[in-house]
Amino acid sequence: MNEEKPNVPEVFLTPYDPQQHEDKLYELWEKSGYFNPDQCVENGIADPEAEPFSIVLPPPNVTGTLHMGHAAMLAIEDILVRYHRMKGKRTLWIPGTDSAALATQSKVEGIMYKEEKKRRDEIGREELLKRIDIFTEESKATIISQTKKMGSSMDWSRYAFTLDETRYKAVMEAFVRMYNQGLIYRGARIVNWDPAMQTTVSDDEVEYVEQADPFYYFKYGPFTIGTVRPETKFGDKYVVMHPDDKRYAEYKHGQQIEVEWINGPITATIIKDEAADPEMGTGVMTITPAHSLVDFEIAERHNLDRERVIDERGLLLDIAGEFAGQHIKKARAAIIAKMTEKGLVEKIDDKYVHNIATNSRGGGTIEPQIKEQWFIDVNKEFAMGPSEVPGVKEGDTVTLKQLMIKSVENAGITIFPERFERVYYNWINNLHDWCISRQIWYGHRIPAWFNNGEIKVQTDSPGAGWTQDPDTLDTWFSSGLWTMSTLGWPEQTEDFKTYHPTSVIETGYDILFFWVARMILMTTYFTGQVPFKNVYLHGLVRDDKGRKMSKSLGNIIDPLDMIGKYGADATRLSLIVGAAPGNDMPLNEDKIRGYKKFANKVWNVSRFVITNISDADWAQTPKFSDRDEEILSELRATVAEVSNDIEKFSLYLAADKAYHYIWHNLADQVLEESKPIINGDDSEAKLARQFVLKECLVTSLKLLHPFMPFITETIWQELPKAIKDQDILMVAKWPES
RNA sequence: GAGCGAUUAGCUCAGCUGGUAGAGCGCUACAUUGACAUUGUAGAGGUCACAGGUUCAAGUCCUGUAUCGCUCACCA
């Protein structure tokens, strides 16, 4: 009941309340079918020949719920997608979730152990997988619902899960093809072994944690050697020094000496190798090739024995003599006691700080082991197939490393911000062969079959007597195929032909190596295409003091809470403004609250304009004053700037400019100065100004839509039909500048 | 140890290809019930980490120094 303002839609009579509108609008969009580019083409929103624009969502792990980092990712991608959709492109955003094999199994095992006191071997493969499936289904549903709350305009009809049937096929095919070309091999090499989870872990998943441990100096024949790990030293029968170290010039490479050692005399062999640093300690070291990456490499160079000392569970083997069967952690003290008694301990440095390797996916301390595993050979040369990778022609001899480098070097892929290109090259240059097998149950099975020492690699069982490799694949193997597999590869589907390479991948910089690099490796190899033309790396969302959000600090902001309190639009904007690609972004509630105020500002601007243009006759031709023209030209300039910034992936600038224009130009100046004109006697001036206000409102809503889709669409739904080019703002035409 | 980044108003940060400093929040004063569960106007506050250099001109380019942060690395 508002007698004085009969023309204001009733919805505007209260402040903007996101809760009241957001879910309904998402439903409206979903029902329209316009998340699906095919539907847009069918309804004439996009031309059938329009340029495609595609993004594949970095699939969140099914280990939990979405955090602010995910929210930022969804906001950024949705902005790009909505912008390009409004530009009339055939725009596709594919949603999905990731099984995250190791992390998920670790999580479910943890829950089962805590609740039922059951360990893995007491549960069994089938039961565990069943339980994991239940867990992941729940988790998927939660993630999908959260994703929708953010307003993400994804095509749910193309939803993919890394372990679903289509993706499984792609993984099997990829493995077999790489194996047949000799790029996947099986070999005994030193790997990161996690005794707690009983599996290998990739180099990238190892996390180094600083720890203080005693550093022991031992008498080893005529030498003094140092170590933090006496328990590995039983098998040390090689003593290594730098070839140019004058102190040891009297010893010759290959020379043998007798030394008294932990369990009695042994014969040691002198090895001259440049890996020994003369500056370090005494310049002499003994090596344990079976349990150290460096030592293994030295042993490979000189073809030395690699006797095992520790088993998979961390227990000492027979070589340890009286200590055999003891756990390494417990045995150390006893070993030192015995060595002290034998006079082998020269001194102990108690303040030695070093890095120990741990499994970042929820396991324990890494104990390197030599194991028979599957590897991808990153240095093996092969003949390139059909190629669109710049600088690589069909038939060229290349390695996977070279493909990864050339894709970026020759601008097939552009990384934002640019500085990460150097980080990327650096990582590739240090890259070792990639161990892709894991001794866990949850994940893609390896399509390899064993029969009395024979191995066959193929998707189906070769027949009776053959058993499949019990291992599964590293989760990043399947993730590496993601842009392809979500589009139907290895089939040459319409989707694949249309939307691959994708336009942009958007993800956190912390995942550049894990994922972005591996997608480039896999995709260039299999398709000769880059997986994406642009990489947009966002930073970590931190609290207002710049700290990482974590449970232990209690500073976690839950996106759903913020959406509940301030609306998805305000939450999105707070994650965009001030967040340049590659930089961490501080976030606090005040910032989000600020953007809620802005939402309300937009709401009131709209109410004002709608009220004041309700009596305009749009059939007439307005005669614009100089000031009218000026206002319109400022509007066009803003459109140009915002569009340009979005094209350049400077979303933080684009959002800020749109915000600034609407609040401080349109609201503070244009609206204020329009009041006397609208209420004045000059009907010609009034009409012209009404045209101007209409133009400003319609254009502002469009400009703002990618950033704040809910409120802009809510307002759009209340606009008179006569001033709209589409019923749904999401597919309205992006303004010309 | 190597690489990368940061250092600009009390706080959080912009400032793209060089032309005598900007935003948000906070603070101060005034105004306003208005399209605005407020908002507007005005204002205070910075030798742009430090030292050199290039230039007519440098937060902006170059060299070095300091502090902080991140990533990588096999230091026994």
# chains A, B, ... in the order shown; residues from 1 in each chain; ligands from 1
call {"tool": "residues_around", "arguments": {"residues": "His84 in chain A", "least_positions_apart": "3", "cutoff": "10 Å", "atoms": "only C-alpha atoms (C1' of nucleotides)", "output": "number ranges by chain"}}
result
A: 51-54, 78-81, 87-92, 646-647, 706, 731, 734
call {"tool": "write_last_selection", "arguments": {"atoms": "N, CA and C atoms", "output": "PDB file, in the first residue's frame"}}
result
ATOM      1  N   GLU A  51      31.896 -17.835 -31.804  1.00  0.00           N
ATOM      2  CA  GLU A  51      33.139 -18.303 -31.202  1.00  0.00           C
ATOM      3  C   GLU A  51      32.819 -19.010 -29.889  1.00  0.00           C
ATOM      4  N   PRO A  52      33.431 -20.165 -29.636  1.00  0.00           N
ATOM      5  CA  PRO A  52      33.188 -20.832 -28.350  1.00  0.00           C
ATOM      6  C   PRO A  52      34.031 -20.226 -27.221  1.00  0.00           C
ATOM      7  N   PHE A  53      33.501 -20.314 -26.030  1.00  0.00           N
ATOM      8  CA  PHE A  53      34.266 -19.944 -24.843  1.00  0.00           C
ATOM      9  C   PHE A  53      34.015 -21.025 -23.801  1.00  0.00           C
ATOM     10  N   SER A  54      35.080 -21.672 -23.346  1.00  0.00           N
ATOM     11  CA  SER A  54      34.846 -22.796 -22.444  1.00  0.00           C
ATOM     12  C   SER A  54      35.802 -22.792 -21.263  1.00  0.00           C
ATOM     13  N   ASP A  78      32.755 -17.633 -12.858  1.00  0.00           N
ATOM     14  CA  ASP A  78      31.395 -17.254 -13.237  1.00  0.00           C
ATOM     15  C   ASP A  78      31.367 -15.874 -13.895  1.00  0.00           C
ATOM     16  N   ILE A  79      32.213 -14.989 -13.427  1.00  0.00           N
ATOM     17  CA  ILE A  79      32.299 -13.662 -14.043  1.00  0.00           C
ATOM     18  C   ILE A  79      32.709 -13.802 -15.512  1.00  0.00           C
ATOM     19  N   LEU A  80      33.741 -14.579 -15.746  1.00  0.00           N
ATOM     20  CA  LEU A  80      34.211 -14.770 -17.122  1.00  0.00           C
ATOM     21  C   LEU A  80      33.120 -15.397 -17.981  1.00  0.00           C
ATOM     22  N   VAL A  81      32.476 -16.400 -17.425  1.00  0.00           N
ATOM     23  CA  VAL A  81      31.476 -17.140 -18.187  1.00  0.00           C
ATOM     24  C   VAL A  81      30.263 -16.261 -18.493  1.00  0.00           C
ATOM     25  N   LYS A  87      28.230 -11.706 -24.309  1.00  0.00           N
ATOM     26  CA  LYS A  87      28.857 -11.255 -25.552  1.00  0.00           C
ATOM     27  C   LYS A  87      28.389 -12.088 -26.744  1.00  0.00           C
ATOM     28  N   GLY A  88      27.576 -13.115 -26.470  1.00  0.00           N
ATOM     29  CA  GLY A  88      27.019 -13.896 -27.565  1.00  0.00           C
ATOM     30  C   GLY A  88      27.852 -15.104 -27.964  1.00  0.00           C
ATOM     31  N   LYS A  89      28.877 -15.426 -27.169  1.00  0.00           N
ATOM     32  CA  LYS A  89      29.678 -16.598 -27.510  1.00  0.00           C
ATOM     33  C   LYS A  89      28.956 -17.872 -27.104  1.00  0.00           C
ATOM     34  N   ARG A  90      29.346 -18.964 -27.709  1.00  0.00           N
ATOM     35  CA  ARG A  90      28.836 -20.268 -27.279  1.00  0.00           C
ATOM     36  C   ARG A  90      29.638 -20.643 -26.031  1.00  0.00           C
ATOM     37  N   THR A  91      29.020 -20.396 -24.893  1.00  0.00           N
ATOM     38  CA  THR A  91      29.767 -20.419 -23.642  1.00  0.00           C
ATOM     39  C   THR A  91      29.428 -21.647 -22.812  1.00  0.00           C
ATOM     40  N   LEU A  92      30.488 -22.378 -22.453  1.00  0.00           N
ATOM     41  CA  LEU A  92      30.289 -23.627 -21.716  1.00  0.00           C
ATOM     42  C   LEU A  92      31.180 -23.658 -20.488  1.00  0.00           C
ATOM     43  N   ILE A 646      38.089  -6.955 -18.211  1.00  0.00           N
ATOM     44  CA  ILE A 646      37.690  -8.366 -18.152  1.00  0.00           C
ATOM     45  C   ILE A 646      38.462  -9.155 -19.202  1.00  0.00           C
ATOM     46  N   GLU A 647      38.567  -8.593 -20.400  1.00  0.00           N
ATOM     47  CA  GLU A 647      39.296  -9.284 -21.471  1.00  0.00           C
ATOM     48  C   GLU A 647      40.742  -9.564 -21.050  1.00  0.00           C
ATOM     49  N   PRO A 706      27.776  -9.828 -14.372  1.00  0.00           N
ATOM     50  CA  PRO A 706      28.746 -10.905 -14.145  1.00  0.00           C
ATOM     51  C   PRO A 706      29.259 -10.936 -12.706  1.00  0.00           C
ATOM     52  N   VAL A 731      21.185 -13.556 -20.242  1.00  0.00           N
ATOM     53  CA  VAL A 731      21.465 -13.715 -21.666  1.00  0.00           C
ATOM     54  C   VAL A 731      21.186 -12.442 -22.462  1.00  0.00           C
ATOM     55  N   TRP A 734      25.508  -7.845 -24.056  1.00  0.00           N
ATOM     56  CA  TRP A 734      26.511  -6.990 -23.401  1.00  0.00           C
ATOM     57  C   TRP A 734      26.529  -5.623 -24.095  1.00  0.00           C
TER      58      TRP A 734
END
call {"tool": "residues_around", "arguments": {"residues": "range 709-722 of chain A", "least_positions_apart": "6", "cutoff": "8 Å", "atoms": "only C-alpha atoms (C1' of nucleotides)", "output": "list in words"}}
result
Pro9, Pro18, His21, Glu22, Leu25, Gly151, Ala568, Asp569, Ala599, Trp603, Ser606, Ile610, Trp618, Leu701, Lys702, Ile728, Leu729 and Met730 of chain A
call {"tool": "write_last_selection", "arguments": {"atoms": "N, CA, C and O atoms", "output": "mmCIF file, in the first residue's frame"}}
result
data_model
loop_
_atom_site.group_PDB
_atom_site.id
_atom_site.type_symbol
_atom_site.label_atom_id
_atom_site.label_comp_id
_atom_site.auth_asym_id
_atom_site.auth_seq_id
_atom_site.Cartn_x
_atom_site.Cartn_y
_atom_site.Cartn_z
ATOM 1 N N PRO A 9 7.328 -1.165 -8.207
ATOM 2 C CA PRO A 9 6.967 -2.550 -7.905
ATOM 3 C C PRO A 9 7.113 -2.780 -6.415
ATOM 4 O O PRO A 9 8.060 -2.286 -5.798
ATOM 5 N N PRO A 18 18.851 -10.438 0.144
ATOM 6 C CA PRO A 18 19.315 -11.496 -0.755
ATOM 7 C C PRO A 18 18.593 -12.822 -0.520
ATOM 8 O O PRO A 18 18.274 -13.533 -1.467
ATOM 9 N N HIS A 21 15.553 -13.708 -2.561
ATOM 10 C CA HIS A 21 15.578 -13.800 -4.026
ATOM 11 C C HIS A 21 16.511 -14.855 -4.610
ATOM 12 O O HIS A 21 16.229 -15.412 -5.658
ATOM 13 N N GLU A 22 17.647 -15.071 -3.946
ATOM 14 C CA GLU A 22 18.728 -15.803 -4.607
ATOM 15 C C GLU A 22 18.338 -17.203 -5.090
ATOM 16 O O GLU A 22 18.566 -17.548 -6.246
ATOM 17 N N LEU A 25 16.011 -17.213 -8.055
ATOM 18 C CA LEU A 25 16.622 -16.807 -9.308
ATOM 19 C C LEU A 25 17.461 -17.925 -9.907
ATOM 20 O O LEU A 25 17.463 -18.137 -11.118
ATOM 21 N N GLY A 151 25.908 -18.957 -7.189
ATOM 22 C CA GLY A 151 25.369 -18.406 -8.426
ATOM 23 C C GLY A 151 26.064 -18.924 -9.681
ATOM 24 O O GLY A 151 25.892 -18.355 -10.756
ATOM 25 N N ALA A 568 25.065 -13.745 -1.733
ATOM 26 C CA ALA A 568 26.114 -14.281 -2.599
ATOM 27 C C ALA A 568 26.800 -13.160 -3.377
ATOM 28 O O ALA A 568 28.009 -13.198 -3.586
ATOM 29 N N ASP A 569 26.043 -12.144 -3.777
ATOM 30 C CA ASP A 569 26.629 -11.060 -4.570
ATOM 31 C C ASP A 569 27.723 -10.335 -3.792
ATOM 32 O O ASP A 569 28.811 -10.099 -4.304
ATOM 33 N N ALA A 599 25.128 -3.397 -2.617
ATOM 34 C CA ALA A 599 23.964 -4.065 -3.209
ATOM 35 C C ALA A 599 22.710 -3.239 -2.926
ATOM 36 O O ALA A 599 21.877 -3.024 -3.802
ATOM 37 N N TRP A 603 20.115 -1.328 -5.475
ATOM 38 C CA TRP A 603 18.679 -1.529 -5.285
ATOM 39 C C TRP A 603 17.937 -0.188 -5.300
ATOM 40 O O TRP A 603 16.932 -0.009 -5.969
ATOM 41 N N SER A 606 17.995 1.713 -8.586
ATOM 42 C CA SER A 606 17.008 1.133 -9.496
ATOM 43 C C SER A 606 15.598 1.588 -9.146
ATOM 44 O O SER A 606 14.815 1.932 -10.019
ATOM 45 N N ILE A 610 13.375 3.556 -11.802
ATOM 46 C CA ILE A 610 12.106 2.953 -12.241
ATOM 47 C C ILE A 610 10.933 3.876 -11.922
ATOM 48 O O ILE A 610 10.042 4.085 -12.743
ATOM 49 N N TRP A 618 8.354 6.017 -24.590
ATOM 50 C CA TRP A 618 9.573 5.556 -25.270
ATOM 51 C C TRP A 618 9.468 5.659 -26.790
ATOM 52 O O TRP A 618 10.467 5.488 -27.482
ATOM 53 N N LEU A 701 23.143 -2.371 -14.999
ATOM 54 C CA LEU A 701 22.743 -3.711 -14.577
ATOM 55 C C LEU A 701 23.498 -4.768 -15.377
ATOM 56 O O LEU A 701 23.954 -5.776 -14.853
ATOM 57 N N LYS A 702 23.651 -4.497 -16.659
ATOM 58 C CA LYS A 702 24.386 -5.447 -17.504
ATOM 59 C C LYS A 702 25.861 -5.517 -17.097
ATOM 60 O O LYS A 702 26.432 -6.595 -16.985
ATOM 61 N N ILE A 728 15.533 -12.412 -19.652
ATOM 62 C CA ILE A 728 16.475 -12.816 -18.604
ATOM 63 C C ILE A 728 17.796 -12.084 -18.827
ATOM 64 O O ILE A 728 18.390 -12.158 -19.900
ATOM 65 N N LEU A 729 18.207 -11.385 -17.793
ATOM 66 C CA LEU A 729 19.418 -10.571 -17.909
ATOM 67 C C LEU A 729 20.648 -11.415 -18.229
ATOM 68 O O LEU A 729 21.541 -10.985 -18.948
ATOM 69 N N MET A 730 20.685 -12.627 -17.689
ATOM 70 C CA MET A 730 21.830 -13.493 -17.890
ATOM 71 C C MET A 730 22.193 -13.652 -19.370
ATOM 72 O O MET A 730 23.361 -13.837 -19.712
#
call {"tool": "closest_residue", "arguments": {"among": "B:C61, B:C27, B:C56, B:C72", "to": "chain A", "atoms": "only C-alpha atoms (C1' of nucleotides)"}}
result
B:C72
call {"tool": "interface_residues", "arguments": {"of": "chain A", "to": "chain B", "cutoff": "7 Å", "atoms": "only C-alpha atoms (C1' of nucleotides)", "output": "MDAnalysis selection string"}}
result
chainID A and resid 226:227 285 293:294 578 601 604:605 607:608
call {"tool": "write_last_selection", "arguments": {"atoms": "N, CA, C and O atoms", "output": "PDB file, in the first residue's frame"}}
result
ATOM      1  N   GLY A 226      78.870 -38.222   9.362  1.00  0.00           N
ATOM      2  CA  GLY A 226      77.781 -37.667  10.145  1.00  0.00           C
ATOM      3  C   GLY A 226      76.438 -38.198   9.666  1.00  0.00           C
ATOM      4  O   GLY A 226      76.275 -38.543   8.502  1.00  0.00           O
ATOM      5  N   THR A 227      75.465 -38.274  10.584  1.00  0.00           N
ATOM      6  CA  THR A 227      74.123 -38.698  10.178  1.00  0.00           C
ATOM      7  C   THR A 227      73.101 -38.324  11.245  1.00  0.00           C
ATOM      8  O   THR A 227      73.433 -38.179  12.416  1.00  0.00           O
ATOM      9  N   MET A 285      81.128 -39.107   3.378  1.00  0.00           N
ATOM     10  CA  MET A 285      79.857 -39.672   3.835  1.00  0.00           C
ATOM     11  C   MET A 285      79.752 -41.130   3.418  1.00  0.00           C
ATOM     12  O   MET A 285      80.405 -41.567   2.469  1.00  0.00           O
ATOM     13  N   LEU A 293      67.217 -40.734  -1.517  1.00  0.00           N
ATOM     14  CA  LEU A 293      67.169 -40.381  -2.932  1.00  0.00           C
ATOM     15  C   LEU A 293      68.545 -40.019  -3.486  1.00  0.00           C
ATOM     16  O   LEU A 293      68.923 -40.454  -4.559  1.00  0.00           O
ATOM     17  N   VAL A 294      69.295 -39.235  -2.720  1.00  0.00           N
ATOM     18  CA  VAL A 294      70.628 -38.841  -3.181  1.00  0.00           C
ATOM     19  C   VAL A 294      71.519 -40.061  -3.307  1.00  0.00           C
ATOM     20  O   VAL A 294      72.216 -40.234  -4.307  1.00  0.00           O
ATOM     21  N   GLY A 578      40.311  -6.088  -5.289  1.00  0.00           N
ATOM     22  CA  GLY A 578      41.554  -6.126  -4.520  1.00  0.00           C
ATOM     23  C   GLY A 578      42.290  -7.441  -4.611  1.00  0.00           C
ATOM     24  O   GLY A 578      43.285  -7.643  -3.937  1.00  0.00           O
ATOM     25  N   LYS A 601      22.625  -0.130  -2.412  1.00  0.00           N
ATOM     26  CA  LYS A 601      22.728   1.099  -3.208  1.00  0.00           C
ATOM     27  C   LYS A 601      22.169   0.848  -4.615  1.00  0.00           C
ATOM     28  O   LYS A 601      21.388   1.637  -5.136  1.00  0.00           O
ATOM     29  N   ASN A 604      18.472   0.761  -4.564  1.00  0.00           N
ATOM     30  CA  ASN A 604      17.806   2.062  -4.447  1.00  0.00           C
ATOM     31  C   ASN A 604      17.950   2.917  -5.688  1.00  0.00           C
ATOM     32  O   ASN A 604      17.049   3.677  -6.026  1.00  0.00           O
ATOM     33  N   VAL A 605      19.102   2.804  -6.339  1.00  0.00           N
ATOM     34  CA  VAL A 605      19.274   3.484  -7.618  1.00  0.00           C
ATOM     35  C   VAL A 605      18.185   3.004  -8.572  1.00  0.00           C
ATOM     36  O   VAL A 605      17.521   3.797  -9.252  1.00  0.00           O
ATOM     37  N   ARG A 607      15.346   1.596  -7.864  1.00  0.00           N
ATOM     38  CA  ARG A 607      14.012   2.037  -7.450  1.00  0.00           C
ATOM     39  C   ARG A 607      13.772   3.483  -7.904  1.00  0.00           C
ATOM     40  O   ARG A 607      12.718   3.823  -8.436  1.00  0.00           O
ATOM     41  N   PHE A 608      14.764   4.310  -7.697  1.00  0.00           N
ATOM     42  CA  PHE A 608      14.642   5.711  -8.079  1.00  0.00           C
ATOM     43  C   PHE A 608      14.382   5.845  -9.578  1.00  0.00           C
ATOM     44  O   PHE A 608      13.471   6.548 -10.012  1.00  0.00           O
TER      45      PHE A 608
END
call {"tool": "residues_around", "arguments": {"residues": "Lys338 in chain A", "least_positions_apart": "6", "cutoff": "12 Å", "atoms": "only C-alpha atoms (C1' of nucleotides)", "output": "PyMOL selection string"}}
result
chain A and resi 230-231+261-264+322-323+331-332+344-345
call {"tool": "select_by_dssp", "arguments": {"residues": "range 578-628 of chain A", "states": "alpha helix (DSSP H)", "output": "ChimeraX atom specification"}}
result
/A:589-613,626-628
call {"tool": "residues_around", "arguments": {"residues": "A6 in chain B", "least_positions_apart": "3", "cutoff": "12 Å", "atoms": "only C-alpha atoms (C1' of nucleotides)", "output": "list in words"}}
result
Asn583 and Asp584 of chain A; C13, A49, U67, C68, G69 and C70 of chain B
call {"tool": "atom_distance", "arguments": {"atom1": "CA of Gly385 in chain A", "atom2": "CA of Tyr179 in chain A"}}
result
15.7 Å
